[in-house]
Each structure stands twice: as C-alpha cells, then as structure tokens.
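Reproduced below: protein_1.cif, with mmCIF, C-alpha atoms.
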```cif
data_my_file
loop_
_atom_site.label_atom_id
_atom_site.label_comp_id
_atom_site.auth_asym_id
_atom_site.auth_seq_id
_atom_site.Cartn_x
_atom_site.Cartn_y
_atom_site.Cartn_z
CA MET A 1 187.51 76.85 13.65
CA LYS A 2 190.97 77.43 12.29
CA LYS A 3 193.66 76.51 14.75
CA LYS A 4 195.82 79.38 15.97
CA ASN A 5 199.28 78.69 17.15
CA ASP A 6 200.39 82.19 18.12
CA HIS A 7 200.42 81.83 21.88
CA ARG A 8 201.59 85.43 22.26
CA ARG A 9 197.99 86.55 21.66
CA ILE A 10 196.68 84.66 24.65
CA GLU A 11 197.30 87.49 27.09
CA GLY A 12 194.93 85.85 29.57
CA LEU A 13 197.84 83.60 30.53
CA ASP A 14 199.88 86.63 31.58
CA PHE A 15 196.86 87.96 33.47
CA ALA A 16 196.59 84.62 35.32
CA ARG A 17 200.30 84.79 36.09
CA ALA A 18 199.82 88.23 37.67
CA LEU A 19 196.97 86.92 39.84
CA ALA A 20 199.09 83.93 40.87
CA MET A 21 201.90 86.31 41.80
CA LEU A 22 199.53 88.32 44.01
CA GLY A 23 198.48 85.10 45.72
CA MET A 24 202.12 84.16 46.28
CA PHE A 25 202.82 87.58 47.78
CA ILE A 26 199.92 87.15 50.19
CA VAL A 27 201.16 83.72 51.27
CA ASN A 28 204.85 84.60 51.43
CA PHE A 29 204.49 87.88 53.31
CA GLY A 30 202.12 86.13 55.71
CA VAL A 31 204.69 83.43 56.43
CA ILE A 32 207.66 85.78 56.71
CA THR A 33 205.83 88.07 59.18
CA GLY A 34 204.50 85.16 61.25
CA SER A 35 200.93 86.33 60.77
CA THR A 36 199.25 83.33 59.14
CA ALA A 37 197.26 82.45 62.26
CA ASN A 38 197.01 85.94 63.74
CA GLY A 39 193.75 87.16 62.28
CA SER A 40 190.01 86.72 62.04
CA THR A 41 188.48 83.44 60.94
CA GLY A 42 187.59 84.95 57.58
CA LEU A 43 191.10 86.24 56.88
CA ILE A 44 192.68 82.94 57.91
CA ALA A 45 190.31 81.10 55.57
CA LEU A 46 191.25 83.51 52.76
CA GLN A 47 194.95 83.02 53.47
CA ASN A 48 194.51 79.24 53.41
CA LEU A 49 192.70 79.53 50.08
CA PHE A 50 195.79 81.08 48.49
CA GLU A 51 198.28 78.76 50.20
CA GLY A 52 199.60 76.26 47.69
CA ARG A 53 197.08 77.18 45.00
CA ALA A 54 198.81 80.35 43.79
CA SER A 55 202.12 78.52 43.33
CA ALA A 56 200.35 75.68 41.50
CA VAL A 57 198.97 78.16 38.97
CA PHE A 58 202.44 79.63 38.53
CA VAL A 59 203.98 76.21 37.81
CA MET A 60 201.14 75.10 35.52
CA LEU A 61 201.53 78.28 33.46
CA ALA A 62 205.21 77.46 33.10
CA GLY A 63 204.26 74.09 31.66
CA ILE A 64 201.85 75.74 29.22
CA GLY A 65 204.57 78.15 28.13
CA THR A 66 206.99 75.28 27.58
CA ALA A 67 204.44 73.47 25.41
CA PHE A 68 203.92 76.63 23.32
CA MET A 69 207.65 77.10 22.90
CA THR A 70 208.24 73.52 21.75
CA ARG A 71 205.10 73.09 19.64
CA GLN A 72 206.86 73.25 16.27
CA ALA A 73 209.44 70.67 17.34
CA ARG A 74 206.68 68.41 18.61
CA ASP A 75 204.60 68.76 15.46
CA THR A 76 207.45 68.34 12.96
CA LYS A 77 209.52 65.80 14.95
CA ASP A 78 212.57 67.58 13.51
CA PRO A 79 215.57 66.16 15.45
CA MET A 80 217.58 69.36 15.07
CA LEU A 81 214.72 71.54 16.35
CA ILE A 82 214.06 69.15 19.23
CA ARG A 83 217.71 69.37 20.28
CA GLN A 84 217.66 73.16 20.01
CA ASN A 85 214.51 73.40 22.15
CA ARG A 86 215.94 71.07 24.77
CA TYR A 87 219.19 73.00 24.89
CA THR A 88 217.31 76.27 25.36
CA LEU A 89 215.13 74.79 28.11
CA TRP A 90 218.15 73.31 29.87
CA LYS A 91 219.91 76.67 29.81
CA ARG A 92 216.80 78.41 31.19
CA SER A 93 216.41 75.76 33.86
CA LEU A 94 220.02 76.34 34.94
CA PHE A 95 219.44 80.10 35.08
CA LEU A 96 216.33 79.72 37.25
CA PHE A 97 217.98 77.11 39.46
CA ALA A 98 220.96 79.40 40.05
CA ILE A 99 218.77 82.38 40.98
CA GLY A 100 216.74 80.19 43.31
CA MET A 101 219.85 78.92 45.06
CA VAL A 102 221.06 82.50 45.55
CA LEU A 103 217.72 83.41 47.11
CA TYR A 104 217.90 80.38 49.38
CA ALA A 105 221.48 81.20 50.37
CA ILE A 106 220.50 84.69 51.56
CA GLY A 107 217.73 83.24 53.72
CA TRP A 108 214.65 82.86 51.50
CA THR A 109 213.84 79.23 52.34
CA GLY A 110 210.45 79.45 50.61
CA ASP A 111 212.05 79.76 47.16
CA ILE A 112 210.30 78.10 44.23
CA LEU A 113 212.72 78.97 41.42
CA HIS A 114 215.30 76.23 42.04
CA TYR A 115 212.48 73.65 42.04
CA TYR A 116 211.07 75.33 38.95
CA GLY A 117 214.42 74.93 37.22
CA VAL A 118 214.43 71.19 37.95
CA TYR A 119 210.86 70.79 36.64
CA MET A 120 211.90 72.51 33.42
CA PHE A 121 215.08 70.43 33.09
CA VAL A 122 213.08 67.19 33.35
CA ALA A 123 210.28 68.48 31.11
CA ALA A 124 212.80 69.26 28.37
CA CYS A 125 213.31 65.52 28.01
CA LEU A 126 209.56 64.98 27.58
CA ILE A 127 208.60 67.53 24.94
CA VAL A 128 207.80 64.95 22.24
CA ILE A 129 206.21 62.15 24.26
CA SER A 130 202.57 61.32 23.55
CA LYS A 131 199.67 62.61 25.62
CA LYS A 132 198.86 59.10 26.83
CA THR A 133 202.43 58.59 27.99
CA MET A 134 202.38 61.98 29.74
CA ILE A 135 199.15 61.10 31.56
CA LEU A 136 200.60 57.74 32.58
CA LEU A 137 203.75 59.46 33.86
CA ILE A 138 201.71 61.95 35.90
CA THR A 139 199.71 59.08 37.41
CA ILE A 140 202.87 57.19 38.34
CA ILE A 141 204.39 60.29 39.96
CA LEU A 142 201.24 60.85 42.03
CA ILE A 143 201.21 57.24 43.24
CA VAL A 144 204.93 57.25 44.03
CA SER A 145 204.58 60.58 45.87
CA GLN A 146 201.77 59.25 48.04
CA TRP A 147 203.79 56.11 48.77
CA LEU A 148 206.83 58.15 49.78
CA GLN A 149 204.71 60.23 52.16
CA ILE A 150 203.42 57.05 53.80
CA GLN A 151 206.76 55.26 53.99
CA PHE A 152 209.02 58.08 55.19
CA ASN A 153 208.96 60.86 57.78
CA TYR A 154 207.73 63.94 55.96
CA LEU A 155 209.22 66.27 58.59
CA ALA A 156 212.73 64.80 58.35
CA GLY A 157 215.29 67.59 58.09
CA TRP A 158 213.01 70.33 59.35
CA HIS A 159 213.91 72.14 62.57
CA PRO A 160 211.78 70.67 65.41
CA THR A 161 211.00 74.13 66.76
CA TYR A 162 210.77 76.02 63.47
CA VAL A 163 208.94 73.37 61.45
CA LEU A 164 208.56 74.31 57.77
CA LEU A 165 210.62 77.45 58.36
CA GLU A 166 214.18 76.16 58.76
CA TYR A 167 215.68 73.10 57.05
CA LEU A 168 218.63 71.84 59.09
CA ASP A 169 220.67 69.88 56.55
CA PHE A 170 219.72 71.61 53.29
CA TRP A 171 223.36 72.20 52.32
CA THR A 172 224.31 68.53 52.57
CA PRO A 173 223.90 66.09 49.65
CA THR A 174 221.36 63.99 51.57
CA GLY A 175 219.40 66.94 52.90
CA PHE A 176 219.36 68.79 49.60
CA THR A 177 218.14 65.71 47.73
CA ARG A 178 215.47 65.00 50.35
CA ASN A 179 214.26 68.59 50.27
CA LEU A 180 214.27 68.77 46.48
CA MET A 181 212.57 65.47 45.78
CA PHE A 182 210.42 64.73 48.83
CA ASN A 183 209.64 67.26 51.54
CA GLY A 184 210.71 70.77 50.58
CA TYR A 185 208.16 73.51 49.93
CA HIS A 186 207.66 72.41 46.31
CA PRO A 187 209.24 68.94 45.97
CA VAL A 188 209.57 67.29 42.58
CA PHE A 189 207.37 64.48 43.89
CA PRO A 190 204.61 65.51 43.22
CA TRP A 191 204.92 69.20 42.24
CA ILE A 192 206.30 68.44 38.78
CA CYS A 193 202.79 67.13 38.00
CA PHE A 194 201.53 70.72 37.78
CA PHE A 195 204.22 71.47 35.18
CA LEU A 196 203.40 68.35 33.17
CA ILE A 197 199.64 69.03 33.31
CA GLY A 198 200.44 72.51 32.03
CA MET A 199 202.32 70.96 29.12
CA LEU A 200 199.25 68.84 28.31
CA ILE A 201 197.04 71.93 28.35
CA GLY A 202 199.55 73.85 26.25
CA ASN A 203 199.22 71.20 23.55
CA LEU A 204 195.57 72.19 23.14
CA ASP A 205 194.18 75.01 21.01
CA LEU A 206 193.37 77.49 23.75
CA THR A 207 191.83 79.88 21.21
CA ASN A 208 189.03 77.35 20.64
CA ARG A 209 186.12 78.46 22.83
CA THR A 210 184.39 75.10 22.70
CA LEU A 211 187.52 73.40 23.95
CA ARG A 212 187.93 76.05 26.66
CA LYS A 213 184.39 75.41 27.91
CA GLY A 214 185.20 71.73 28.22
CA LEU A 215 188.44 72.55 30.00
CA LEU A 216 186.63 74.88 32.39
CA ALA A 217 183.99 72.25 33.13
CA THR A 218 186.75 69.70 33.75
CA GLY A 219 188.46 72.02 36.23
CA VAL A 220 185.25 72.76 38.13
CA LEU A 221 184.33 69.07 38.23
CA LEU A 222 187.80 68.08 39.40
CA VAL A 223 187.78 70.59 42.27
CA THR A 224 184.22 69.69 43.31
CA MET A 225 184.76 65.95 43.24
CA THR A 226 188.13 66.06 44.98
CA GLU A 227 187.02 68.40 47.76
CA THR A 228 183.84 66.37 48.30
CA PHE A 229 185.70 63.07 48.34
CA SER A 230 188.32 64.51 50.71
CA THR A 231 185.67 65.68 53.19
CA VAL A 232 183.72 62.42 53.06
CA ILE A 233 186.71 60.07 53.30
CA ILE A 234 188.15 61.99 56.25
CA LYS A 235 184.84 61.72 58.12
CA VAL A 236 184.41 58.04 57.29
CA THR A 237 187.94 56.92 58.13
CA THR A 238 188.05 58.80 61.44
CA VAL A 239 185.07 56.83 62.76
CA HIS A 240 186.94 53.54 63.20
CA LEU A 241 190.07 53.35 61.03
CA LEU A 242 192.27 56.44 61.52
CA ASP A 243 192.85 59.27 63.96
CA ILE A 244 192.10 62.75 62.64
CA GLU A 245 195.78 63.63 62.18
CA SER A 246 196.45 60.58 60.00
CA ALA A 247 193.28 61.12 57.97
CA LEU A 248 194.19 64.75 57.26
CA TYR A 249 197.73 63.71 56.36
CA LEU A 250 196.46 61.25 53.76
CA PHE A 251 193.32 62.89 52.38
CA ASP A 252 193.27 66.63 53.11
CA THR A 253 193.64 69.06 50.18
CA GLY A 254 196.09 71.36 51.96
CA PRO A 255 199.67 71.80 50.71
CA ILE A 256 201.42 70.07 53.61
CA PRO A 257 201.95 67.32 52.65
CA PRO A 258 201.14 67.67 48.94
CA ASN A 259 199.25 64.40 48.69
CA MET A 260 197.18 63.13 45.77
CA MET A 261 194.05 64.99 46.89
CA TYR A 262 196.01 68.23 47.02
CA VAL A 263 197.42 67.85 43.52
CA LEU A 264 194.04 66.96 41.98
CA SER A 265 192.14 69.75 43.73
CA ASN A 266 194.77 72.39 43.00
CA SER A 267 195.08 71.27 39.39
CA GLY A 268 191.36 71.81 38.99
CA SER A 269 191.38 75.26 40.59
CA ALA A 270 194.42 76.28 38.53
CA ILE A 271 192.66 75.24 35.31
CA VAL A 272 189.57 77.24 36.32
CA LEU A 273 191.62 80.37 37.06
CA ILE A 274 193.61 80.10 33.82
CA VAL A 275 190.56 79.58 31.59
CA CYS A 276 188.57 82.34 33.33
CA SER A 277 191.53 84.69 32.92
CA ILE A 278 191.61 84.01 29.18
CA TYR A 279 187.90 84.77 28.92
CA LEU A 280 188.17 87.92 31.02
CA VAL A 281 191.02 89.43 29.02
CA GLU A 282 189.18 88.72 25.76
CA LYS A 283 185.92 90.26 26.96
CA CYS A 284 187.05 93.13 29.20
CA LYS A 285 190.16 94.71 27.73
CA ASN A 286 190.90 97.99 29.55
CA LYS A 287 193.83 99.84 31.10
CA VAL A 288 193.71 97.86 34.34
CA ILE A 289 193.66 94.52 32.52
CA GLU A 290 196.49 95.64 30.25
CA ALA A 291 198.54 96.70 33.27
CA LEU A 292 198.04 93.33 34.92
CA VAL A 293 199.00 91.53 31.70
CA ILE A 294 202.25 93.51 31.59
CA THR A 295 202.85 92.71 35.26
CA GLY A 296 202.41 89.01 34.58
CA GLN A 297 204.98 89.23 31.80
CA MET A 298 207.50 90.50 34.36
CA SER A 299 206.72 87.89 37.01
CA LEU A 300 210.31 86.61 37.30
CA THR A 301 211.62 90.09 38.04
CA HIS A 302 208.87 90.75 40.56
CA TYR A 303 209.28 87.39 42.28
CA VAL A 304 212.97 88.05 42.89
CA GLY A 305 212.16 91.66 43.76
CA HIS A 306 209.68 90.71 46.47
CA VAL A 307 212.49 88.88 48.28
CA PHE A 308 215.02 91.72 48.11
CA ILE A 309 212.74 94.76 48.08
CA GLY A 310 209.49 93.53 49.64
CA ILE A 311 211.11 91.77 52.58
CA GLY A 312 213.80 94.46 52.74
CA ILE A 313 211.16 97.11 53.40
CA LEU A 314 209.71 94.98 56.19
CA ILE A 315 213.15 94.66 57.77
CA ILE A 316 213.81 98.40 57.57
CA CYS A 317 210.40 99.17 59.10
CA ASN A 318 210.88 96.51 61.80
CA LYS A 319 207.74 94.68 60.68
CA LEU A 320 209.24 91.27 59.98
CA GLU A 321 207.83 89.41 62.99
CA ASN A 322 204.65 89.07 65.05
CA GLN A 323 202.39 91.01 62.68
CA THR A 324 198.66 90.61 62.14
CA LEU A 325 197.25 88.84 59.12
CA ALA A 326 195.39 92.02 58.17
CA PHE A 327 198.71 93.87 58.04
CA SER A 328 200.51 91.23 55.94
CA MET A 329 197.62 90.99 53.46
CA LEU A 330 197.38 94.76 53.12
CA TYR A 331 201.13 94.98 52.66
CA ALA A 332 201.05 92.24 50.00
CA CYS A 333 198.32 94.04 48.08
CA CYS A 334 200.11 97.40 48.30
CA TYR A 335 203.38 95.84 47.20
CA PHE A 336 201.59 94.17 44.27
CA ILE A 337 200.08 97.50 43.22
CA GLY A 338 203.60 98.92 43.32
CA CYS A 339 204.72 96.10 41.03
CA VAL A 340 201.92 96.95 38.59
CA VAL A 341 202.93 100.63 38.50
CA VAL A 342 206.61 99.75 38.01
CA SER A 343 205.69 97.26 35.26
CA VAL A 344 203.75 99.85 33.27
CA TRP A 345 206.54 102.41 33.69
CA TRP A 346 209.26 99.93 32.69
CA ARG A 347 207.43 98.55 29.67
CA ALA A 348 206.94 102.05 28.30
CA ASN A 349 210.62 101.94 27.32
CA HIS A 350 211.56 98.23 27.31
CA ASN A 351 210.17 95.12 25.65
CA ARG A 352 210.83 92.83 28.62
CA GLY A 353 211.51 93.01 32.33
CA PRO A 354 215.14 93.18 33.56
CA LEU A 355 215.52 89.52 34.51
CA GLU A 356 213.37 88.40 31.60
CA SER A 357 215.76 90.18 29.24
CA ILE A 358 218.79 88.54 30.83
CA LEU A 359 217.10 85.15 30.62
CA ARG A 360 216.31 85.64 26.94
CA LYS A 361 219.91 86.71 26.17
CA TRP A 362 221.24 83.71 28.12
CA SER A 363 218.93 81.29 26.30
CA PRO A 364 217.53 82.89 23.10
#
```

Target format structure tokens, applied to this file:
Amino acid sequence: MKKKNDHRRIEGLDFARALAMLGMFIVNFGVITGSTANGSTGLIALQNLFEGRASAVFVMLAGIGTAFMTRQARDTKDPMLIRQNRYTLWKRSLFLFAIGMVLYAIGWTGDILHYYGVYMFVAACLIVISKKTMILLITIILIVSQWLQIQFNYLAGWHPTYVLLEYLDFWTPTGFTRNLMFNGYHPVFPWICFFLIGMLIGNLDLTNRTLRKGLLATGVLLVTMTETFSTVIIKVTTVHLLDIESALYLFDTGPIPPNMMYVLSNSGSAIVLIVCSIYLVEKCKNKVIEALVITGQMSLTHYVGHVFIGIGILIICNKLENQTLAFSMLYACCYFIGCVVVSVWWRANHNRGPLESILRKWSP
C-alpha cells in the first residue's frame, strides 16, 4: 500500500478528540458539582471509567498531531526545518501554558492546558530522536515516576480538608514545581508519556489498515494484561505483604496516583478508542459524524469555554455544589451537544475555531 502522509484526511482523530472532550466534561462537571460519589453504583462506575482516561486520549492525540506536523523535518533531517518546527511548537506551548495559567488563576484548579504546554515544549526537543530512544525515554520516565511516588508524599501541598481540590502553595516556586512535575492533576512525571506515545503512533502510517489492526490488537492486549495483572497483584500482595491502601496506591489503574499500571492501562484504552474512531469515521460518514469531527477540531475553544460558560451557567443557576451524579452527567451531555451545535454553526463561516485561529496566527 502506498504510504499517505496527509494527516488532514484522518478525520477519525478529530472524532476521537470530540469523544475525549465529552469524557472530560463528564469528569470535570462531576468534580466541580461535588457529585462524583452521589449516584447509583452504575453511574459511579461509568464516571470512574471516564476519569483519567478521557484526558489521556486528549494528550495522546496531541502527541500524534505533533508527529504529523514535524514529519517532514524528521524524514529529511533538514536543520532549518527542524529549527522552524521547534520554534513553532515552543510558541504554541507558551500560548497553551499561558491560557492554562489564566484558567488556574480564576479558580479552575483542574486545568490541563498548562501541563499540556510543558509536554509540548519538551517534545519539541525530541522530534528527531529514534523510536528506540523514545521507547527507552518513556520507560525511564515511568520508572522514575513510580520511584517518586514511593519516595515522597503524594498529597504534599494539597489542602488536608479539600484533598485534590485545593493546592495550598501552588503560587510558590516549590509548590508550583511539585504540582507540575509530581502530584498535580496531570504531572509531567508520568503524564508526558501519553504525549510521547502519541508521537510514536503519529510516526506510523495510520492509513494502513493492516497496521491499524495490529495497533488495535496491541491496545486491547495492553488493557487486558494490565487490568488483569493489577487485580491479581493487589489480591496477592494484600494476603501477607501489604495493606489494601498500599496495594491500591502501587498497583491500581486509577488516576490517583498515576502509577505505572495506570499509564499502561490508559495508553491501551486510548489506542483502542483512537483506532476505532478512525475506522468508524471511514465506514459511517454521516451528518452526526461530520458534526463531531468539526467539534473535535474546535476542542481548544470548547475546553476553555466549558470553564467560563459551562461552569458559569452552573453558578448562575446555583447548581455548583451538592448535586447528584445523574444531574452532572446529564448537564455534561447537554453542554456537549450545545458545543456540537455551536461548532457546526461557527464552521459554516470560519475555517477554524476562535482560539484555534489565534493559536495559528501566533504560531503559523
């Protein structure tokens, strides 16, 4: 099969981004309304399924996009082109970091954009390294991350009463660095692994169906093996070696803390969602799919919008606290549908979303 390098035709990636955004809305609105544990067993399980996984897809897609953008520089090894690509990525990383810090300053402590900007800044330095070196780097980061979680207090800096909701010393050099690198919502160690894995995937020919089948099988196998190993090792170690809290801390696949099991399991599920999205868009192109693709292309605008508009509506309606999980999930879905409608309306007259256009002008 002839290799295709036009990543713009892989609209399944935008579709996956829209689904990831929906998952992030469900998680974020659940947290902000205090409803994550206020629901039926089934709804809580569904909420937990999205927690951490939606954001991982979002970050992995960013890595894939970075690989697409820098493919020519990587293939040609042209020093001038490499410098241009790095400069563009550094400017974009600064833009995203700045927006994220603004969101954090107004009270959105669950922001991912300032982390995202740091991932991109680091990744810009790695656009021409070999696949083997990238895999080695990812492995080292995972090991170091696990070691940090064992050696240091993961809850350091978090408010003792409002754990994982309020970070006490975020605006100090020590607190900011600790939050960014170690125990924030999406710390560089190990969350940058999702970005780097995305870059590895973006180096592949995603139009090749045989390769995609292998990638899908790899994702399914990774999730199955990791989840199975996690369950077994927790049961085994809690018999004589560890208490249940320590075993879950080390081997659970939940996002807090983001240990090695979490990264491996969520990488697998992200790969599965991305590949399935590519297949779905190719096979089932219709108005709904097209609308979701457009929505995914405006994900930056909608992410920022859900902080100002989505949470703003909750504040106005006095629904910001002590809500049910059913309410927060329904609200997230309704807000997402609103985003889809706005996306279709906006794209009828514009090529890109508002923030996407500013980003492109800032870093063409």

Hits of the PyMOL selection byres ((chain A and resi 343) around 12) in this structure, as a PyMOL selection string: chain A and resi 18+290-302+336-342+344-354

Selected residue, from A:Arg360, A:His240, A:Arg17, A:Lys131, that lies nearest to Ala56 in chain A when counting all atoms listed in the file: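 Ranked by minimum distance to Ala56 in chain A, first place goes to A:Arg17.
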
Close residues, Leu46 in chain A itself excluded, 12 Å, only C-alpha atoms, min 2 positions apart in chain, as a PyMOL selection string: chain A and resi 23+26-27+30+36-37+39-44+48-51+53+325-326+329

The PyMOL selection byres ((chain A and resi 303-315) around 8) applied to the shown file, residues as a PyMOL selection string: chain A and resi 21+25+29+103+108+299-302+316-320+335

Spatial neighbours of Phe121 in chain A, 10 Å, all atoms listed in the file, chain gap at least 4 places, as a ChimeraX atom specification: /A:86-94,97,115-117,125-126

Residues in the PyMOL selection byres ((chain A and resi 234) around 8), expressed as a PyMOL selection string: chain A and resi 230-233+235-238+244+247-248+251-252

9 Å contact set for Met261 in chain A, all atoms listed in the file, chain neighbours under 2 positions out, as a PyMOL selection string: chain A and resi 226-227+229-230+250-254+258-259+263-266

CA of Tyr262 in chain A to CA of Gln149 in chain A, straight-line distance in Å: 12.9 Å

Å distance separating CA of Met260 in chain A from CA of Ile201 in chain A, one decimal place: 19.5 Å

Protein/DNA/RNA residues near (212.0, 68.3, 40.9), cut 8 Å, only C-alpha atoms, as an MDAnalysis selection string: chainID A and resid 115:119 122 180:181 187:189 191:192

Which residue of A:Leu165, A:Leu206, A:Ile256, A:Ile141 approaches Gly12 in chain A most closely, using only C-alpha atoms: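 Nearest to Gly12 in chain A: A:Leu206.
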
Selection: 10 Å around Val128 in chain A, only C-alpha atoms, excl. self and same-chain fewer than 3 positions, as a list in words: Ala67, Thr70, Arg71, Ala73, Arg74, Asp75, Thr76, Lys77, Ile82, Ala123, Ala124, Cys125, Lys131 and Met134 of chain A

Point (214.4, 77.5, 58.1), cut-off 12 Å, counting all atoms listed in the file, residues as a list in words: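 In the file's frame, the residues around the point are Val31, Ile32, Tyr104, Ala105, Ile106, Gly107, Trp108, Thr109, Gly110, Asp111, Gly157, Trp158, His159, Pro160, Thr161, Tyr162, Val163, Leu164, Leu165, Glu166, Tyr167, Leu168, Asp169, Phe170, Trp171, Asn179, Gly184 and Tyr185 of chain A.
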
Spatial neighbours of Phe68 in chain A, 12 Å, all atoms listed in the file, chain gap at least 2 places, as a ChimeraX atom specification: /A:4-10,13,61-66,70-75,85,127,198-206

Atom-to-atom span, CA of Leu196 in chain A and CA of Gly219 in chain A, Å: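 Here the two named atoms are 15.7 Å from each other.
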
Nearest to Pro255 in chain A, chosen from A:Gly175, A:Gly268, A:Pro364, A:Gly52, with all atoms listed in the file counted in the distances: A:Gly52

Would you fill the gaps in range 297-306 of chain A so it has all heavy atoms, then print it as a short mmCIF file (atom, residue, chain, number, x, y, z; two decimals), in the frame of the given file?
```
data_model
loop_
_atom_site.label_atom_id
_atom_site.label_comp_id
_atom_site.auth_asym_id
_atom_site.auth_seq_id
_atom_site.Cartn_x
_atom_site.Cartn_y
_atom_site.Cartn_z
N GLN A 297 203.85 89.47 32.69
CA GLN A 297 204.98 89.23 31.80
C GLN A 297 206.32 89.52 32.47
O GLN A 297 207.36 89.12 31.96
CB GLN A 297 204.83 90.08 30.54
CG GLN A 297 203.65 89.68 29.67
CD GLN A 297 203.32 90.67 28.58
OE1 GLN A 297 203.88 91.78 28.56
NE2 GLN A 297 202.44 90.31 27.67
N MET A 298 206.28 90.20 33.61
CA MET A 298 207.50 90.50 34.36
C MET A 298 207.53 89.75 35.69
O MET A 298 208.16 90.20 36.65
CB MET A 298 207.59 92.02 34.60
CG MET A 298 207.83 92.82 33.34
SD MET A 298 207.86 94.62 33.63
CE MET A 298 209.15 94.78 34.85
N SER A 299 206.88 88.60 35.74
CA SER A 299 206.72 87.89 37.01
C SER A 299 208.06 87.42 37.61
O SER A 299 208.22 87.40 38.83
CB SER A 299 205.79 86.70 36.84
OG SER A 299 206.27 85.81 35.85
N LEU A 300 209.02 87.04 36.78
CA LEU A 300 210.31 86.61 37.30
C LEU A 300 211.00 87.76 38.03
O LEU A 300 211.51 87.58 39.15
CB LEU A 300 211.20 86.08 36.17
CG LEU A 300 212.62 85.68 36.56
CD1 LEU A 300 212.61 84.59 37.62
CD2 LEU A 300 213.41 85.23 35.32
N THR A 301 211.02 88.92 37.41
CA THR A 301 211.62 90.09 38.04
C THR A 301 210.93 90.41 39.35
O THR A 301 211.59 90.68 40.37
CB THR A 301 211.54 91.30 37.08
OG1 THR A 301 212.37 91.06 35.95
CG2 THR A 301 212.01 92.57 37.78
N HIS A 302 209.60 90.38 39.35
CA HIS A 302 208.87 90.75 40.56
C HIS A 302 208.99 89.69 41.66
O HIS A 302 208.98 90.03 42.85
CB HIS A 302 207.40 90.99 40.23
CG HIS A 302 207.17 92.21 39.39
ND1 HIS A 302 207.72 93.44 39.71
CD2 HIS A 302 206.46 92.40 38.25
CE1 HIS A 302 207.36 94.33 38.80
NE2 HIS A 302 206.60 93.73 37.92
N TYR A 303 209.11 88.43 41.26
CA TYR A 303 209.28 87.39 42.28
C TYR A 303 210.60 87.60 43.02
O TYR A 303 210.65 87.57 44.25
CB TYR A 303 209.25 86.00 41.64
CG TYR A 303 209.51 84.91 42.66
CD1 TYR A 303 208.48 84.42 43.46
CD2 TYR A 303 210.80 84.39 42.85
CE1 TYR A 303 208.73 83.44 44.42
CE2 TYR A 303 211.04 83.42 43.80
CZ TYR A 303 210.01 82.95 44.58
OH TYR A 303 210.26 81.99 45.52
N VAL A 304 211.67 87.80 42.27
CA VAL A 304 212.97 88.05 42.89
C VAL A 304 212.93 89.36 43.67
O VAL A 304 213.46 89.47 44.78
CB VAL A 304 214.09 88.08 41.84
CG1 VAL A 304 215.42 88.47 42.47
CG2 VAL A 304 214.21 86.72 41.16
N GLY A 305 212.26 90.36 43.10
CA GLY A 305 212.16 91.66 43.76
C GLY A 305 211.43 91.60 45.09
O GLY A 305 211.80 92.32 46.03
N HIS A 306 210.43 90.74 45.20
CA HIS A 306 209.68 90.71 46.47
C HIS A 306 210.52 90.12 47.60
O HIS A 306 210.24 90.39 48.77
CB HIS A 306 208.36 89.95 46.28
CG HIS A 306 208.35 88.52 46.74
ND1 HIS A 306 208.95 87.50 46.05
CD2 HIS A 306 207.78 87.94 47.83
CE1 HIS A 306 208.76 86.35 46.69
NE2 HIS A 306 208.06 86.59 47.77
#
```
